[in-house]
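Single-structure report; data block below.
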Amino acid sequence: MIKISKLIPLLLLLYLVVLPRFNWRDLPQPFNQFVGEKPFDVVQYQKYVQFFRGNKNVANELEGPFSYRPLVPLLASVIPFQSNTSINLINLFFLTLGLIYLLRLLRLFGFNENQSIIGGLFFILSFPLFYYATSGYIDGSLLGILLISTYYLFDDKYFLFILTFTLGIFIKETIIILLPVAIIEFMIKEKSKIKFLKVIIPVLLYFLVIVLIRKIAPHKESYVWKPSIDILIYNLVRVKTYLSFLLTFGIPGLLATYLIITKKIQMISKEISYPILAGFLFSFLLWLYSLFAAYSDGRQLWITYVFSIPLALFVIQHREKNAK
């Protein structure tokens, strides 16, 4: 684990990075012209907090899939601040844990303390942390629980993995990205037939919880992210599509891509490289799908950081070894 004396400055830096955009604060001109109005997603989450605080009148204003993500609004409802502030404090809580567990994950993968700190800085000094983390979306909480659950998966803490994975389903359905990672991890590591049971449990849990949430969550209607040519064209003509992609993909994404295309990933043990590579590729495919089915921006790509940061550090680690 990273020493407390080095962890505290990293946490303080994280809070400084998210502060300028906390609660959807305006950016200085001319940058603010790229921000736009408060998104429909953010408004929906704020209304959901009000619902959990007892205002049942907003039930007919809630829509799926936003109302299928109840955990962050529920936790926010017990914090005595305005809805948006409470949501963002929950995001900050999960991001704090996420950073701690990222550092633990990197140490688990065999990186030394300095390399792990570089990984932490990749996470902190990033566009998505600055722009999306505490602006009213719930993706910051998703990223935090993804990092926690990924750590327990690779640390062979199966019960804690299942517990945190299940919590993640209640945060956002995008936690599904961990299923291919877990399946590959169990198939490689487990030698007995129990590996099939370990695979089946999270898969069944995911779909059972998804069905349960959709049955009990309030919603007047539900939007289905269906691919269409119109949405694709809309995203392709937007400057923000490309800008948010480049800024979010960032240095970790570039280094991870370099590791893959140069085949240097073969230097890493398959117990680590295969699941991490699957997570990186599947999370990238999720962003690719958003081009065809949603308002595409960096939030869909942000989850690649769980996997691209370790891959990027393997590039740095390899160069440091060769330099000696």
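Residues in the structure tokens are numbered from 1 in each chain, the chains being A, B, ... in the order shown, and ligands are numbered from 1 in the order shown.
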
Which residues come within 12 Å of A:Ile213, counting only C-alpha atoms, excluding same-chain residues fewer than 4 positions away, as a list in words?
->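 Everything that qualifies: Gly64, Pro65, Phe66, Ser67, Tyr68, Arg69, Pro70, Leu71, Thr166, Ile169, Phe170, Ile171, Lys172, Glu173, Leu205, Tyr206, Phe207, Leu208, Val209, Ala217, Pro218 and His219 of chain A.
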
Give me the residues within 8 Å of stretch 263-277 of chain A as a PyMOL selection string, counting only C-alpha atoms and dropping any in the same chain fewer than 6 places off.
-> chain A and resi 109+180-182+184-185+188-189+307+311+314

Which residues, written as a ChimeraX atom specification, have at least one atom at most 8 Å from A:Ala133, with only C-alpha atoms counted and residues fewer than 5 positions away on the same chain left out?
-> /A:18,88,91-92,128,138-140

Selection export as a tab-separated table (two decimals), in the first residue's frame, atoms kept: C-alpha atoms:
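To be explicit, this is the file written out as selection06.tsv:
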chain	number	residue	atom	x	y	z
A	18	VAL	CA	-12.82	18.41	-9.21
A	88	ASN	CA	-21.66	15.18	-6.02
A	91	ASN	CA	-19.49	10.92	-6.24
A	92	LEU	CA	-16.54	12.38	-4.35
A	128	PRO	CA	-12.89	13.28	-17.23
A	138	ILE	CA	-23.25	9.59	-11.41
A	139	ASP	CA	-20.32	8.30	-13.46
A	140	GLY	CA	-17.84	9.27	-10.75

May I have all residues of stretch 145-189 of chain A that DSSP, computed from the backbone, assigns to alpha helix (DSSP H), given as a count of residues only?
-> 36

Which of these, A:Lys215, A:Leu105, A:Glu190, A:Tyr305, has the shortest distance to A:Leu143 once you count only C-alpha atoms?
->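 Among A:Lys215, A:Leu105, A:Glu190, A:Tyr305, it is A:Tyr305 that comes nearest to A:Leu143.
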